[in-house]
Every structure is written in structure tokens, then in C-alpha cells.
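Below is data.txt, which holds compact mmCIF, C-alpha atoms.
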```txt
# COMPACT_ATOMS: atom_id res chain seq x y z
CA MET A 163 84.00 115.51 165.28
CA GLU A 164 83.20 117.52 162.16
CA LYS A 165 83.62 121.29 161.96
CA ALA A 166 79.89 121.89 161.55
CA GLN A 167 79.02 119.89 164.67
CA ILE A 168 81.68 121.63 166.78
CA ARG A 169 80.44 125.02 165.58
CA LYS A 170 76.87 124.07 166.48
CA ASP A 171 77.74 122.68 169.94
CA ILE A 172 80.12 125.45 171.02
CA THR A 173 77.95 128.23 169.61
CA ARG A 174 74.91 126.87 171.44
CA LYS A 175 76.86 126.70 174.70
CA ARG A 176 78.21 130.23 174.23
CA ASN A 177 74.78 131.61 173.34
CA ASN A 178 73.42 130.21 176.61
CA LEU A 179 76.02 131.88 178.85
CA ASP A 180 74.63 134.16 181.51
CA GLU A 181 75.72 137.78 181.74
CA GLY A 182 77.50 137.26 185.05
CA TYR A 183 79.72 134.54 183.64
CA ILE A 184 80.54 136.59 180.53
CA LYS A 185 81.49 139.60 182.63
CA LYS A 186 83.62 137.64 185.11
CA ALA A 187 85.33 135.41 182.54
CA SER A 188 85.98 138.32 180.14
CA ALA A 189 87.57 140.35 182.95
CA GLN A 190 89.85 137.42 183.84
CA ILE A 191 90.81 136.89 180.20
CA ILE A 192 91.73 140.58 179.95
CA ASN A 193 93.84 140.28 183.12
CA ASN A 194 95.55 137.24 181.63
CA VAL A 195 96.31 139.09 178.39
CA LEU A 196 97.70 142.03 180.39
CA SER A 197 100.00 139.66 182.30
CA TYR A 198 102.10 138.97 179.18
CA PRO A 199 105.08 141.31 178.58
CA GLU A 200 104.62 140.75 174.83
CA PHE A 201 101.26 142.47 175.05
CA HIS A 202 102.83 145.55 176.63
CA ASP A 203 105.55 145.54 173.95
CA ALA A 204 103.02 145.55 171.11
CA ARG A 205 102.75 148.99 169.52
CA VAL A 206 100.05 148.06 166.97
CA VAL A 207 97.29 145.75 168.18
CA PHE A 208 94.62 144.32 165.91
CA SER A 209 91.59 143.37 167.99
CA TYR A 210 87.91 142.78 167.34
CA MET A 211 84.53 144.12 168.30
CA PRO A 212 82.71 141.39 170.24
CA LEU A 213 79.46 140.04 168.89
CA GLY A 214 76.83 138.37 171.04
CA ASN A 215 78.40 136.36 173.83
CA GLU A 216 81.97 136.43 172.50
CA VAL A 217 84.62 137.36 175.04
CA ASN A 218 84.10 141.05 175.76
CA VAL A 219 87.43 142.62 174.83
CA MET A 220 86.06 146.18 174.83
CA PRO A 221 87.88 147.12 178.10
CA LEU A 222 91.10 145.71 176.62
CA ASN A 223 90.56 147.69 173.42
CA GLN A 224 90.09 150.81 175.55
CA TRP A 225 93.27 149.99 177.50
CA VAL A 226 95.19 149.91 174.19
CA LEU A 227 93.84 153.35 173.30
CA ASP A 228 94.38 154.79 176.78
CA ASN A 229 98.01 153.63 176.81
CA GLY A 230 99.03 155.28 173.55
CA ARG A 231 99.08 152.17 171.41
CA CYS A 232 97.62 151.91 167.96
CA LEU A 233 94.36 149.95 167.93
CA CYS A 234 93.06 148.46 164.70
CA ILE A 235 89.84 146.56 164.18
CA PRO A 236 88.58 144.66 161.15
CA ARG A 237 86.60 146.03 158.28
CA THR A 238 85.33 143.46 155.82
CA ASN A 239 85.28 143.96 152.07
CA ASN A 240 82.92 142.53 149.50
CA ASP A 241 85.72 140.28 148.23
CA SER A 242 85.82 138.30 151.49
CA LYS A 243 88.88 140.07 152.86
CA MET A 244 89.47 142.14 156.00
CA ASP A 245 91.32 145.41 156.32
CA ALA A 246 93.00 146.63 159.49
CA VAL A 247 91.63 150.09 160.25
CA ILE A 248 92.91 152.35 163.03
CA VAL A 249 90.29 153.48 165.51
CA ARG A 250 90.75 156.28 168.01
CA ASN A 251 87.36 155.91 169.65
CA LEU A 252 85.36 152.74 170.21
CA PHE A 253 81.98 154.42 169.94
CA ASP A 254 82.25 156.89 167.04
CA GLY A 255 82.69 156.35 163.32
CA LEU A 256 81.63 152.71 163.34
CA ASN A 257 78.89 151.07 161.29
CA LYS A 258 77.00 147.84 161.94
CA THR A 259 77.49 145.16 159.28
CA LYS A 260 74.82 142.77 158.04
CA TYR A 261 76.19 140.29 160.62
CA GLY A 262 75.70 142.84 163.41
CA ILE A 263 79.43 143.51 163.90
CA MET A 264 80.60 147.07 164.46
CA GLU A 265 83.35 148.09 162.05
CA PRO A 266 85.00 151.28 160.74
CA ALA A 267 83.25 153.25 158.02
CA PRO A 268 84.37 152.68 154.41
CA SER A 269 85.85 156.20 154.39
CA GLU A 270 88.42 155.27 157.06
CA GLN A 271 91.91 154.45 155.79
CA ALA A 272 93.27 150.92 156.24
CA ILE A 273 96.86 150.45 157.42
CA ASP A 274 99.57 148.15 156.13
CA ILE A 275 98.94 144.77 157.79
CA LYS A 276 102.71 144.22 158.07
CA LYS A 277 102.83 146.90 160.81
CA ILE A 278 100.68 144.85 163.21
CA ASP A 279 102.54 143.38 166.19
CA LEU A 280 99.69 141.41 167.75
CA VAL A 281 96.38 140.03 166.48
CA LEU A 282 93.70 139.08 169.03
CA VAL A 283 91.76 136.36 167.25
CA PRO A 284 88.19 135.36 168.10
CA GLY A 285 86.92 131.95 167.14
CA VAL A 286 84.42 129.22 167.81
CA ALA A 287 87.01 126.77 169.16
CA PHE A 288 90.76 126.31 169.52
CA ASP A 289 92.96 123.39 170.47
CA LYS A 290 96.14 123.10 172.49
CA GLU A 291 98.24 123.07 169.31
CA GLY A 292 96.90 126.49 168.30
CA ASN A 293 94.52 125.26 165.63
CA ARG A 294 91.46 127.48 165.28
CA LEU A 295 87.95 126.76 164.17
CA GLY A 296 86.36 129.98 162.98
CA TYR A 297 82.92 130.82 161.72
CA GLY A 298 83.52 129.25 158.32
CA LYS A 299 83.94 132.32 156.12
CA GLY A 300 87.77 132.31 156.07
CA TYR A 301 88.22 136.01 156.81
CA TYR A 302 90.81 135.50 159.54
CA ASP A 303 92.75 132.80 157.69
CA ARG A 304 93.13 135.06 154.65
CA PHE A 305 94.05 138.01 156.90
CA LEU A 306 96.61 136.14 159.00
CA ALA A 307 98.28 134.84 155.83
CA LEU A 308 99.16 138.45 154.93
CA CYS A 309 100.66 139.38 158.31
CA ASP A 310 104.39 139.77 158.83
CA LYS A 311 106.32 136.86 160.28
CA HIS A 312 106.97 138.86 163.49
CA THR A 313 103.23 139.24 164.17
CA GLU A 314 101.86 137.23 167.10
CA PHE A 315 98.39 135.64 166.86
CA TRP A 316 96.57 135.08 170.17
CA GLY A 317 93.30 133.22 170.34
CA ILE A 318 90.80 134.73 172.78
CA ALA A 319 88.24 132.27 174.15
CA TYR A 320 86.39 130.90 177.14
CA SER A 321 87.93 127.74 178.59
CA PHE A 322 85.13 125.54 177.21
CA GLN A 323 86.17 126.66 173.70
CA LEU A 324 89.62 125.10 174.17
CA LEU A 325 89.33 121.50 172.95
CA ASP A 326 91.81 118.64 172.75
CA SER A 327 91.75 118.95 168.98
CA VAL A 328 89.84 120.71 166.22
CA PRO A 329 89.76 119.71 162.55
CA PHE A 330 91.99 121.84 160.35
CA THR A 331 93.15 122.14 156.75
CA PRO A 332 96.39 123.47 155.26
CA TYR A 333 94.58 126.82 154.74
CA ASP A 334 93.79 127.24 158.44
CA PHE A 335 96.20 129.46 160.36
CA LYS A 336 97.32 128.53 163.86
CA VAL A 337 97.49 130.97 166.74
CA HIS A 338 100.65 131.23 168.85
CA ARG A 339 98.74 130.98 172.11
CA VAL A 340 95.18 130.71 173.35
CA ILE A 341 94.17 132.84 176.31
CA THR A 342 91.19 131.83 178.43
CA GLU A 343 89.95 132.70 181.91
CA VAL A 344 91.86 129.79 183.52
```
Take the structure I supplied and represent it as C-alpha cells, if you would.
Amino acid sequence: MEKAQIRKDITRKRNNLDEGYIKKASAQIINNVLSYPEFHDARVVFSYMPLGNEVNVMPLNQWVLDNGRCLCIPRTNNDSKMDAVIVRNLFDGLNKTKYGIMEPAPSEQAIDIKKIDLVLVPGVAFDKEGNRLGYGKGYYDRFLALCDKHTEFWGIAYSFQLLDSVPFTPYDFKVHRVITEV
């Protein structure tokens, strides 16, 4: 199946999720993430601010802050790149982008991407080999290409987003594991 059709099908399914499912599945995904020792070893975690019916990682982001880790979230630039910006509070100092995503203000300082231990990666779909189908803008692929070789990439998704295979190109970055609610 083509990328555009997968995006359309999975996005439609995700947009139709009910609030109860999102809450229950997101909580289980967070528990699954917390079950990995590598997560607890990560000192600098790059996460995301969920949009729409994406997996709600806000409680996990708060856990990172509450446990003395460094939490970074993306800030996009006009040149189609993302910066990793440290946040100390999930509700202050953030601005809504034209896509509706909350991100740090332009005045906030970005950190060196090489310091990140773990990147929690959203996406439209993943496969069992770690291939990721994103939203088509390439932000994450360009970002992951700049990360240090020690950095782990974990896809965060609902189980229906994990497919047998997704189309990929040499420019698409794989994730090391995909974590779902099952």
C-alpha cells in the first residue's frame, strides 16, 4: 500500500477513537515504557506534545520532570528542522504552532542533540522492523539523523498503528522498538 493511503486509513481510524480508549491505551503504553530499564537509565529524554488523538504521553512527560530527568520537546524552525528544547513545566512558556502543536517559545535555548539518550517518536504507522511512516514533512527523519549513535529511538503508537510493513526510503530512520498498549 502507498504511503498516502496508509496515512489516510490510519489517521481516519485514530481520529475516530473514543476518549475512553485513548485514556486506557495511553496509560498502558506509559506503563509499558516505564517497564524498560533503559527508560529509567535515560538522563535526557526527547518526547513530544500529543496532538489530537495521538498517544497521550503527557503523564510520561511529567514523570520525566518529577524524577529529575531532563525533558526536551521539539520546536520547529522555518527551515524544516526541529530543535530539542528543555522544558521544566508542561504548561508554561509554550506556544501553539500553525499545526496546533504546543512547542517552546523561540526565546528558549535549544540543547545539543547529541546529549539526548532517548527519543520518543510519534508517527502514523510503524512496522515490526522499526520502519516509521510519519506525517510526510520529514522533521523527525532529519532530526534523528543528527542524533548520537548511542541515542535510542522508540516509536509510540496504538497497536493498530503497528503494521506488517510500511513503505520506506533510504532517508527514513528506523526506530529501535515500537511500544504499544499490547
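In this comparison, which uses all atoms listed in the file, the residue of A:Leu308, A:Met220, A:Ile248, A:Ile192 approaching A:Ile235 most closely is A:Ile248.
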If you count only C-alpha atoms, the residue of A:Cys234, A:Val286, A:Ile191, A:Ile318 closest to A:Glu270 turns out to be A:Cys234
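Checking A:Lys311, A:Lys186, A:Lys277, A:Lys336 one by one against A:Leu295, counting only C-alpha atoms, you find the shortest gap at A:Lys336.
Among the candidates A:Ala187, A:Ala204, A:Leu306, A:Ile172, the one nearest to A:Pro236 when counting only C-alpha atoms is A:Leu306.
Between atom CA of A:Thr342 and atom CA of A:Arg174 the interatomic distance comes to 18.4 Å.
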